[in-house]
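S.K.: Just start.cif, nothing more (mmCIF, C-alpha atoms and all ligand atoms):
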```
data_protein
loop_
_atom_site.group_PDB
_atom_site.id
_atom_site.type_symbol
_atom_site.label_atom_id
_atom_site.label_comp_id
_atom_site.auth_asym_id
_atom_site.auth_seq_id
_atom_site.Cartn_x
_atom_site.Cartn_y
_atom_site.Cartn_z
ATOM 1 C CA MET A 258 -6.258 -19.113 0.777
ATOM 2 C CA ASP A 259 -8.857 -19.279 3.505
ATOM 3 C CA ILE A 260 -9.146 -16.260 5.798
ATOM 4 C CA ARG A 261 -11.998 -16.164 8.293
ATOM 5 C CA PHE A 262 -12.994 -13.187 10.405
ATOM 6 C CA GLU A 263 -15.264 -14.338 13.211
ATOM 7 C CA GLY A 264 -16.654 -11.202 14.845
ATOM 8 C CA ALA A 265 -13.137 -9.743 14.843
ATOM 9 C CA GLY A 266 -12.810 -6.077 15.770
ATOM 10 C CA VAL A 267 -10.226 -3.652 17.161
ATOM 11 C CA SER A 268 -10.638 -0.840 19.683
ATOM 12 C CA TYR A 269 -8.066 1.514 21.159
ATOM 13 C CA GLY A 270 -9.583 2.597 24.466
ATOM 14 C CA ALA A 271 -12.987 4.030 23.574
ATOM 15 C CA HIS A 272 -12.043 4.454 19.897
ATOM 16 C CA VAL A 273 -13.347 1.717 17.605
ATOM 17 C CA ALA A 274 -10.794 1.375 14.778
ATOM 18 C CA LEU A 275 -12.668 -1.611 13.320
ATOM 19 C CA ALA A 276 -16.158 -2.709 14.315
ATOM 20 C CA PRO A 277 -16.550 -6.532 14.494
ATOM 21 C CA VAL A 278 -16.365 -8.165 11.048
ATOM 22 C CA THR A 279 -17.511 -11.658 10.089
ATOM 23 C CA LEU A 280 -16.542 -12.893 6.627
ATOM 24 C CA GLN A 281 -14.493 -15.451 4.710
ATOM 25 C CA LEU A 282 -11.926 -14.502 2.048
ATOM 26 C CA THR A 283 -10.883 -17.088 -0.527
ATOM 27 C CA GLU A 284 -10.526 -15.084 -3.761
ATOM 28 C CA LYS A 285 -7.124 -14.695 -5.432
ATOM 29 C CA ARG A 286 -7.314 -10.896 -5.577
ATOM 30 C CA ILE A 287 -9.069 -8.822 -2.954
ATOM 31 C CA GLY A 288 -9.137 -5.028 -2.915
ATOM 32 C CA ILE A 289 -9.664 -2.847 0.146
ATOM 33 C CA ILE A 290 -10.769 0.756 -0.311
ATOM 34 C CA GLY A 291 -12.117 3.585 1.841
ATOM 35 C CA LEU A 292 -11.373 7.067 3.123
ATOM 36 C CA ASN A 293 -8.334 7.846 5.286
ATOM 37 C CA GLY A 294 -8.694 6.421 8.783
ATOM 38 C CA SER A 295 -11.603 4.134 7.792
ATOM 39 C CA GLY A 296 -10.016 0.931 9.161
ATOM 40 C CA LYS A 297 -8.344 -0.601 6.069
ATOM 41 C CA THR A 298 -4.865 -1.071 7.512
ATOM 42 C CA THR A 299 -6.291 -2.276 10.822
ATOM 43 C CA PHE A 300 -8.283 -4.940 8.940
ATOM 44 C CA ALA A 301 -5.192 -6.018 6.979
ATOM 45 C CA ARG A 302 -2.923 -6.128 10.032
ATOM 46 C CA LEU A 303 -5.347 -8.544 11.684
ATOM 47 C CA ILE A 304 -4.641 -11.019 8.885
ATOM 48 C CA ASN A 305 -0.958 -11.399 9.642
ATOM 49 C CA GLY A 306 -1.284 -11.045 13.385
ATOM 50 C CA LEU A 307 0.509 -7.676 13.565
ATOM 51 C CA THR A 308 -2.618 -6.373 15.287
ATOM 52 C CA LYS A 309 -4.562 -8.629 17.657
ATOM 53 C CA PRO A 310 -8.349 -8.501 17.697
ATOM 54 C CA SER A 311 -9.883 -6.865 20.787
ATOM 55 C CA VAL A 312 -12.925 -9.071 20.188
ATOM 56 C CA GLY A 313 -13.520 -12.199 18.102
ATOM 57 C CA ARG A 314 -10.842 -14.042 16.170
ATOM 58 C CA VAL A 315 -9.163 -14.309 12.785
ATOM 59 C CA ILE A 316 -8.302 -17.708 11.322
ATOM 60 C CA VAL A 317 -5.844 -17.898 8.406
ATOM 61 C CA ASN A 318 -5.550 -21.235 6.622
ATOM 62 C CA GLY A 319 -6.882 -22.964 9.716
ATOM 63 C CA ARG A 320 -4.681 -21.176 12.267
ATOM 64 C CA ASP A 321 -5.647 -18.516 14.761
ATOM 65 C CA THR A 322 -3.595 -15.328 14.222
ATOM 66 C CA THR A 323 -2.756 -15.251 17.901
ATOM 67 C CA ASP A 324 -0.328 -18.034 16.906
ATOM 68 C CA ALA A 325 1.794 -15.206 15.479
ATOM 69 C CA LYS A 326 4.789 -17.202 14.293
ATOM 70 C CA ALA A 327 2.723 -19.457 12.051
ATOM 71 C CA ILE A 328 0.900 -16.528 10.526
ATOM 72 C CA LEU A 329 3.904 -14.295 9.950
ATOM 73 C CA THR A 330 5.569 -16.955 7.806
ATOM 74 C CA ASN A 331 2.344 -17.493 5.834
ATOM 75 C CA VAL A 332 1.435 -13.888 5.178
ATOM 76 C CA GLY A 333 3.834 -11.374 3.611
ATOM 77 C CA PHE A 334 3.079 -7.715 4.277
ATOM 78 C CA ILE A 335 4.393 -4.805 2.234
ATOM 79 C CA PHE A 336 3.895 -1.630 4.204
ATOM 80 C CA GLN A 337 2.799 1.800 2.996
ATOM 81 C CA SER A 338 6.383 3.059 3.097
ATOM 82 C CA PRO A 339 8.653 0.237 1.902
ATOM 83 C CA GLN A 340 11.753 2.202 2.973
ATOM 84 C CA ASN A 341 10.721 1.422 6.551
ATOM 85 C CA GLN A 342 10.736 -2.309 5.999
ATOM 86 C CA ILE A 343 14.053 -2.658 4.207
ATOM 87 C CA ILE A 344 16.346 -3.306 7.126
ATOM 88 C CA LEU A 345 19.804 -3.761 5.630
ATOM 89 C CA PRO A 346 21.507 -1.094 3.496
ATOM 90 C CA VAL A 347 22.118 -3.254 0.398
ATOM 91 C CA VAL A 348 19.189 -4.880 -1.435
ATOM 92 C CA ARG A 349 20.783 -8.341 -1.784
ATOM 93 C CA ASP A 350 21.606 -8.451 1.953
ATOM 94 C CA ASP A 351 18.083 -7.385 2.844
ATOM 95 C CA ILE A 352 16.549 -10.194 0.792
ATOM 96 C CA ALA A 353 18.953 -12.666 2.421
ATOM 97 C CA PHE A 354 18.162 -11.332 5.900
ATOM 98 C CA GLY A 355 14.523 -12.460 5.823
ATOM 99 C CA LEU A 356 15.596 -15.934 4.718
ATOM 100 C CA LYS A 357 18.313 -16.182 7.360
ATOM 101 C CA SER A 358 15.873 -15.257 10.106
ATOM 102 C CA ARG A 359 13.642 -18.105 8.908
ATOM 103 C CA GLY A 360 16.475 -20.586 9.389
ATOM 104 C CA PHE A 361 17.490 -21.322 5.786
ATOM 105 C CA LYS A 362 21.056 -22.542 5.243
ATOM 106 C CA PRO A 363 23.576 -20.307 3.380
ATOM 107 C CA ALA A 364 23.419 -22.286 0.100
ATOM 108 C CA GLU A 365 19.608 -22.218 0.115
ATOM 109 C CA ILE A 366 19.641 -18.510 0.876
ATOM 110 C CA ALA A 367 21.973 -17.761 -2.045
ATOM 111 C CA ALA A 368 19.780 -19.799 -4.424
ATOM 112 C CA LYS A 369 16.553 -18.184 -3.241
ATOM 113 C CA VAL A 370 17.997 -14.665 -3.495
ATOM 114 C CA GLU A 371 19.108 -15.314 -7.088
ATOM 115 C CA ALA A 372 15.763 -16.900 -7.957
ATOM 116 C CA VAL A 373 13.699 -13.969 -6.716
ATOM 117 C CA LEU A 374 15.973 -11.407 -8.410
ATOM 118 C CA GLN A 375 15.551 -13.301 -11.698
ATOM 119 C CA ARG A 376 11.817 -13.695 -11.213
ATOM 120 C CA PHE A 377 11.293 -9.935 -10.969
ATOM 121 C CA ASN A 378 14.054 -8.864 -13.397
ATOM 122 C CA ALA A 379 15.629 -7.097 -10.433
ATOM 123 C CA ALA A 380 19.243 -8.309 -10.660
ATOM 124 C CA HIS A 381 20.321 -4.727 -11.451
ATOM 125 C CA LEU A 382 19.144 -3.682 -7.970
ATOM 126 C CA ALA A 383 21.000 -6.396 -6.050
ATOM 127 C CA GLU A 384 24.065 -4.348 -5.094
ATOM 128 C CA ARG A 385 22.254 -1.000 -4.826
ATOM 129 C CA ARG A 386 21.828 0.848 -1.537
ATOM 130 C CA ALA A 387 18.171 0.896 -0.544
ATOM 131 C CA HIS A 388 18.223 4.566 0.492
ATOM 132 C CA GLU A 389 19.329 5.544 -3.025
ATOM 133 C CA LEU A 390 16.458 3.764 -4.802
ATOM 134 C CA SER A 391 13.480 5.456 -6.431
ATOM 135 C CA GLY A 392 9.964 4.759 -5.130
ATOM 136 C CA GLY A 393 9.283 2.136 -7.806
ATOM 137 C CA GLU A 394 12.645 0.440 -7.265
ATOM 138 C CA LEU A 395 11.968 0.364 -3.529
ATOM 139 C CA GLN A 396 8.603 -1.336 -4.106
ATOM 140 C CA LEU A 397 10.343 -3.888 -6.294
ATOM 141 C CA ALA A 398 13.060 -4.518 -3.688
ATOM 142 C CA ALA A 399 10.442 -4.886 -0.932
ATOM 143 C CA LEU A 400 8.486 -7.349 -3.092
ATOM 144 C CA CYS A 401 11.671 -9.383 -3.651
ATOM 145 C CA SER A 402 12.443 -9.466 0.089
ATOM 146 C CA VAL A 403 8.940 -10.534 1.053
ATOM 147 C CA LEU A 404 8.298 -13.035 -1.764
ATOM 148 C CA ALA A 405 11.718 -14.703 -1.369
ATOM 149 C CA THR A 406 10.398 -16.197 1.863
ATOM 150 C CA GLY A 407 7.538 -17.917 0.004
ATOM 151 C CA PRO A 408 4.404 -16.561 1.707
ATOM 152 C CA ASP A 409 1.035 -17.991 0.581
ATOM 153 C CA ILE A 410 -0.699 -14.641 0.939
ATOM 154 C CA LEU A 411 0.648 -11.202 0.151
ATOM 155 C CA ILE A 412 -0.804 -7.992 1.587
ATOM 156 C CA LEU A 413 0.175 -4.713 -0.051
ATOM 157 C CA ASP A 414 -0.692 -1.444 1.665
ATOM 158 C CA GLU A 415 -1.010 1.287 -0.975
ATOM 159 C CA PRO A 416 1.615 -0.146 -3.327
ATOM 160 C CA THR A 417 1.318 2.680 -5.888
ATOM 161 C CA ASN A 418 1.347 5.519 -3.373
ATOM 162 C CA GLN A 419 3.777 8.258 -4.487
ATOM 163 C CA LEU A 420 4.774 6.443 -7.667
ATOM 164 C CA ASP A 421 4.981 8.190 -11.021
ATOM 165 C CA LEU A 422 2.948 6.795 -13.924
ATOM 166 C CA LYS A 423 5.797 4.612 -15.181
ATOM 167 C CA ASN A 424 6.536 2.998 -11.813
ATOM 168 C CA ARG A 425 2.824 2.709 -11.107
ATOM 169 C CA ALA A 426 2.389 0.736 -14.336
ATOM 170 C CA LEU A 427 5.377 -1.445 -13.378
ATOM 171 C CA VAL A 428 3.838 -2.293 -9.998
ATOM 172 C CA GLN A 429 0.430 -2.935 -11.606
ATOM 173 C CA ARG A 430 2.005 -5.357 -14.130
ATOM 174 C CA LEU A 431 3.933 -7.098 -11.353
ATOM 175 C CA LEU A 432 0.755 -7.513 -9.333
ATOM 176 C CA GLU A 433 -1.115 -8.923 -12.310
ATOM 177 C CA SER A 434 1.604 -11.505 -12.907
ATOM 178 C CA LEU A 435 1.873 -12.754 -9.309
ATOM 179 C CA PRO A 436 0.622 -16.319 -8.795
ATOM 180 C CA GLU A 437 0.345 -15.633 -5.039
ATOM 181 C CA ASN A 438 -2.926 -14.591 -3.400
ATOM 182 C CA ALA A 439 -2.908 -10.838 -2.923
ATOM 183 C CA ILE A 440 -4.875 -8.420 -0.779
ATOM 184 C CA VAL A 441 -4.381 -4.868 -1.968
ATOM 185 C CA ILE A 442 -5.237 -1.739 0.017
ATOM 186 C CA SER A 443 -5.396 1.195 -2.350
ATOM 187 C CA HIS A 444 -6.593 4.735 -2.957
ATOM 188 C CA ASP A 445 -5.689 4.050 -6.600
ATOM 189 C CA LEU A 446 -9.061 2.710 -7.735
ATOM 190 C CA GLU A 447 -7.806 1.654 -11.170
ATOM 191 C CA LEU A 448 -5.500 -0.824 -9.495
ATOM 192 C CA VAL A 449 -8.400 -2.826 -8.057
ATOM 193 C CA ALA A 450 -10.922 -2.104 -10.843
ATOM 194 C CA ASN A 451 -10.830 -5.698 -12.157
ATOM 195 C CA TYR A 452 -10.861 -7.478 -8.810
ATOM 196 C CA GLU A 453 -13.654 -9.959 -8.216
ATOM 197 C CA ARG A 454 -14.015 -8.839 -4.628
ATOM 198 C CA VAL A 455 -13.487 -5.411 -3.090
ATOM 199 C CA LEU A 456 -14.222 -4.446 0.523
ATOM 200 C CA VAL A 457 -15.194 -0.866 1.366
ATOM 201 C CA PHE A 458 -14.587 0.489 4.868
ATOM 202 C CA HIS A 459 -16.121 3.635 6.316
ATOM 203 C CA GLY A 460 -15.728 4.939 9.859
ATOM 204 C CA GLY A 461 -14.404 1.562 11.057
ATOM 205 C CA ASN A 462 -17.291 -0.371 9.485
ATOM 206 C CA LEU A 463 -17.306 -2.732 6.537
ATOM 207 C CA VAL A 464 -19.976 -1.046 4.399
ATOM 208 C CA ALA A 465 -19.666 -2.952 1.112
ATOM 209 C CA ASP A 466 -18.327 -6.329 0.026
ATOM 210 C CA ALA A 467 -18.868 -6.675 -3.696
ATOM 211 C CA PRO A 468 -17.287 -7.023 -7.138
ATOM 212 C CA ALA A 469 -15.080 -4.013 -7.991
ATOM 213 C CA GLY A 470 -17.638 -2.013 -10.019
ATOM 214 C CA GLU A 471 -20.283 -2.004 -7.314
ATOM 215 C CA ALA A 472 -17.772 -1.449 -4.492
ATOM 216 C CA ILE A 473 -16.146 1.499 -6.260
ATOM 217 C CA ARG A 474 -19.579 3.087 -6.879
ATOM 218 C CA CYS A 475 -20.314 2.766 -3.158
ATOM 219 C CA TYR A 476 -16.972 4.354 -2.251
ATOM 220 C CA ARG A 477 -17.535 7.260 -4.661
ATOM 221 C CA GLU A 478 -20.905 7.931 -3.019
ATOM 222 C CA ILE A 479 -19.298 7.973 0.424
ATOM 223 C CA ALA A 480 -16.494 10.247 -0.765
ATOM 224 C CA SER A 481 -18.904 12.745 -2.336
ATOM 225 C CA GLY A 482 -21.297 12.744 0.626
HETATM 226 N N1 LIG A 501 -2.177 1.999 17.258
HETATM 227 C C1 LIG A 501 -3.259 2.806 17.223
HETATM 228 N N2 LIG A 501 -3.648 3.483 18.325
HETATM 229 C C2 LIG A 501 -4.738 4.289 18.300
HETATM 230 N N3 LIG A 501 -5.525 4.468 17.225
HETATM 231 C C3 LIG A 501 -5.184 3.815 16.106
HETATM 232 C C4 LIG A 501 -4.044 2.947 16.030
HETATM 233 N N4 LIG A 501 -3.974 2.421 14.770
HETATM 234 C C5 LIG A 501 -5.014 2.951 14.102
HETATM 235 N N5 LIG A 501 -5.737 3.781 14.887
HETATM 236 C C6 LIG A 501 -6.937 4.530 14.492
HETATM 237 O O1 LIG A 501 -7.862 3.607 13.925
HETATM 238 C C7 LIG A 501 -8.533 4.185 12.820
HETATM 239 C C8 LIG A 501 -8.323 3.331 11.570
HETATM 240 O O2 LIG A 501 -6.957 3.422 11.170
HETATM 241 P P1 LIG A 501 -6.377 2.647 9.903
HETATM 242 O O3 LIG A 501 -4.891 2.855 9.896
HETATM 243 O O4 LIG A 501 -6.878 1.267 9.907
HETATM 244 O O5 LIG A 501 -7.041 3.478 8.706
HETATM 245 P P2 LIG A 501 -6.812 3.388 7.128
HETATM 246 O O6 LIG A 501 -8.158 3.217 6.517
HETATM 247 O O7 LIG A 501 -5.776 2.369 6.800
HETATM 248 O O8 LIG A 501 -6.283 4.859 6.818
HETATM 249 P P3 LIG A 501 -5.280 5.473 5.669
HETATM 250 O O9 LIG A 501 -6.010 5.390 4.360
HETATM 251 O O10 LIG A 501 -5.125 6.908 6.135
HETATM 252 O O11 LIG A 501 -3.998 4.695 5.724
HETATM 253 C C9 LIG A 501 -7.993 5.611 12.682
HETATM 254 O O12 LIG A 501 -8.900 6.472 13.328
HETATM 255 C C10 LIG A 501 -6.675 5.561 13.411
HETATM 256 O O13 LIG A 501 -6.350 6.796 13.947
#
```
Kindly return the structure encoded in the file as C-alpha cells.
M.R.:
Amino acid sequence: MDIRFEGAGVSYGAHVALAPVTLQLTEKRIGIIGLNGSGKTTFARLINGLTKPSVGRVIVNGRDTTDAKAILTNVGFIFQSPQNQIILPVVRDDIAFGLKSRGFKPAEIAAKVEAVLQRFNAAHLAERRAHELSGGELQLAALCSVLATGPDILILDEPTNQLDLKNRALVQRLLESLPENAIVISHDLELVANYERVLVFHGGNLVADAPAGEAIRCYREIASG
C-alpha cells in the first residue's frame, strides 16, 4: 500500500473540512481518531476518491484519485452505517451484486461469493434479509460484500459503532485476522490501541501522526481541554 497526500485539503465554501495534508501511508494498520466533525471521514473519503480534494492531490498506489474508477476498485470502504451500503435485500445477492458490477462472469461470481462466505464463517447469513440482521451481522455482511471484490486497501468508518461487547469483539477479531491493509476510523480507542500508526485530527487539522500510545494521549488531551 502506498498512499500519498500532497497538500490535499477539502473546503466547502468558506468552511475548511480538512486543511492541506502532506504525508505517505504504507503501514498495514492505520488508525484515525479525533472529535466529532474533526475531518476523519473527509480524510478517508479522499483515499477512495469519493471526495475530491479542493487543493493538492492524493495518489493511491501510483494513481491519482481523480481517476475514480481505478481507485474505487482498489479501495474498499465500509461506511459508518453498513445498512446504507447493502443494496440488495438478501445478503448473498448483495455480495454478488458488487462482483457483477465489476464484470465478473456468473461462474466466477458464484465461486467468489462462496469463498468469501467461507472465509468469514458467514454462510449462515447468505439467505438472510439484510434489514433483519443485527448490527454485528450487518458489519459481517458488509465486510463480505466489500472484500469479495478483492480490494488492496480497506477503509472502515467506525466499525464497532453501536455494537454490543460480543459483536464488538467479533469485529475486532475479524480485523486482526485480515491480511488486507486496513485504515480504521474509530471512537473506540481500544480498537486501534496496538496500531503502529495513528493519525489524530482536530478542527480539520492533522495534529498528531504517531504510534498508538502517543496519538491516544494527544487525543485525550484534546478531548479534556
Ligand atoms: N458534504 C459536506 N458539505 C459541507 N460540510 C461538510 C460536508 N462533509 C463534511 N462537512 C463538514 O466537514 C467537517 C468534517 O467532517 P467529517 O465528516 O470529516 O468529520 P468526522 O471527524 O468524520 O466526524 P464524526 O466523528 O462525527 O463522524 C465537519 O464540520 C462537517 O460538518
S.K.: Per residue of chain A within 6 Å of ligand LIG 501 (chain A), note the shortest atom pair and the distance in Å to one decimal, counting only C-alpha atoms and all ligand atoms, and order the rows by chain and increasing residue number, as CSV.
M.R.:
```
residue,atom,partner,partner_atom,distance
A:Tyr269,CA,A:LIG501,C2,5.2
A:Ala274,CA,A:LIG501,O1,3.8
A:Leu292,CA,A:LIG501,O9,5.8
A:Asn293,CA,A:LIG501,O10,3.4
A:Gly294,CA,A:LIG501,O5,3.4
A:Ser295,CA,A:LIG501,O6,3.8
A:Gly296,CA,A:LIG501,O4,3.2
A:Lys297,CA,A:LIG501,O6,3.8
A:Thr298,CA,A:LIG501,O7,3.6
A:Thr299,CA,A:LIG501,O4,3.7
```
S.K.: Under the rule of at most 12 Å, produce a per-residue listing of stretch 316-373 of chain A near stretch 380-385 of chain A: chain, number, name, the closest pair of atoms, and the distance in Å, as a Markdown table, using only C-alpha atoms.
M.R.:
```
| residue | atom | partner | partner_atom | distance |
| --- | --- | --- | --- | --- |
| A:Leu345 | CA | A:Arg385 | CA | 11.1 |
| A:Pro346 | CA | A:Arg385 | CA | 8.4 |
| A:Val347 | CA | A:Arg385 | CA | 5.7 |
| A:Val348 | CA | A:Ala383 | CA | 5.2 |
| A:Arg349 | CA | A:Ala383 | CA | 4.7 |
| A:Asp350 | CA | A:Ala383 | CA | 8.3 |
| A:Asp351 | CA | A:Ala383 | CA | 9.4 |
| A:Ile352 | CA | A:Ala383 | CA | 9.0 |
| A:Ala353 | CA | A:Ala383 | CA | 10.7 |
| A:Val370 | CA | A:Ala383 | CA | 9.2 |
| A:Glu371 | CA | A:Ala380 | CA | 7.9 |
| A:Ala372 | CA | A:Ala380 | CA | 9.7 |
| A:Val373 | CA | A:Ala380 | CA | 8.9 |
```
S.K.: Considering all atoms listed in the file, return as a PyMOL selection string whatever protein or nucleic-acid residues lie within 8 Å of A:Ser443, sequence-local ones (same chain, fewer than 4 positions apart) excluded.
M.R.: chain A and resi 288-290+414-417+448-449
S.K.: Using the chain letters and numbers from this file, what does the PyMOL selection byres (((chain A and resi 407) around 10) and not hetatm) select? Give the answer as a PyMOL selection string.
M.R.: chain A and resi 330-333+356+369+373+402-406+408-411+437
S.K.: Can you tell me, as AutoDock Vina command-line options, the centre and edge lengths (Å, one decimal) of the axis-aligned box enclosing all of stretch 337-355 of chain A's listed atoms after padding each side by 3 Å?
M.R.:
```
--center_x 12.5 --center_y -4.8 --center_z 2.7 --size_x 25.3 --size_y 21.7 --size_z 14.9
```
S.K.: Could you check which of A:Leu446, A:Ile479, A:Val312, A:Cys401 is closest to A:Gly460, using all atoms listed in the file?
M.R.: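 That would be A:Ile479, the residue with the smallest distance to A:Gly460.
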S.K.: Rounded to one decimal place, report the atom CA of A:Arg286-atom CA of A:Pro436 distance in Å.
M.R.: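 We find that atom CA of A:Arg286 and atom CA of A:Pro436 lie 10.1 Å from each other.
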S.K.: Excluding A:Leu427 and its own-chain neighbours fewer than 5 positions away, which residues fall within 10 Å of it when counting only C-alpha atoms? Please give them as a PyMOL selection string.
M.R.: chain A and resi 393-394+396-397+417+420-422+432-433
S.K.: Keeping only C-alpha atoms, take the residues you just selected and write them out as a compact mmCIF listing (two decimals), in the frame of the given file.
M.R.:
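The new file part.txt reads:
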```txt
# COMPACT_ATOMS: atom_id res chain seq x y z
CA GLY A 393 9.28 2.14 -7.81
CA GLU A 394 12.64 0.44 -7.26
CA GLN A 396 8.60 -1.34 -4.11
CA LEU A 397 10.34 -3.89 -6.29
CA THR A 417 1.32 2.68 -5.89
CA LEU A 420 4.77 6.44 -7.67
CA ASP A 421 4.98 8.19 -11.02
CA LEU A 422 2.95 6.80 -13.92
CA LEU A 432 0.76 -7.51 -9.33
CA GLU A 433 -1.12 -8.92 -12.31
```
S.K.: For this file, the PyMOL selection byres (((chain A and resi 262) around 7) and not hetatm) selects which residues, as a CSV table (one decimal) with C-alpha atoms, keeping the file's coordinate frame?
M.R.:
```csv
chain,number,residue,atom,x,y,z
A,260,ILE,CA,-9.1,-16.3,5.8
A,261,ARG,CA,-12.0,-16.2,8.3
A,263,GLU,CA,-15.3,-14.3,13.2
A,264,GLY,CA,-16.7,-11.2,14.8
A,265,ALA,CA,-13.1,-9.7,14.8
A,278,VAL,CA,-16.4,-8.2,11.0
A,279,THR,CA,-17.5,-11.7,10.1
A,280,LEU,CA,-16.5,-12.9,6.6
A,281,GLN,CA,-14.5,-15.5,4.7
A,314,ARG,CA,-10.8,-14.0,16.2
A,315,VAL,CA,-9.2,-14.3,12.8
A,316,ILE,CA,-8.3,-17.7,11.3
```
S.K.: Please, what distance in Å, to one decimal, runs between atom CA of A:Gln375 and atom CA of A:Leu413?
M.R.: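 Taking atom CA of A:Gln375 as the start and atom CA of A:Leu413 as the end point, the length is 21.1 Å.
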S.K.: Using atom CA of A:Leu431 and atom CA of A:Leu303 as the two end points, give the distance in Å to one decimal.
M.R.: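 Interatomic distance, atom CA of A:Leu431 to atom CA of A:Leu303: 24.9 Å.
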S.K.: Apply the PyMOL selection byres (((chain A and resi 454) around 8) and not hetatm) to the file shown and report the selected residues as JSON, numbers by chain.
M.R.: {"A": [284, 286, 287, 288, 452, 453, 455, 456, 466, 467, 468, 469]}
S.K.: A:Thr308: which residues within 10 Å, counting only C-alpha atoms, same-chain residues fewer than 5 positions away excluded, as a PyMOL selection string?
M.R.: chain A and resi 267+298-303+322-323+325
S.K.: Nearest to A:Asn305 among A:Glu365, A:Asp321, A:Glu389, A:Glu471, with distances taken over only C-alpha atoms: which residue is it?
M.R.: A:Asp321
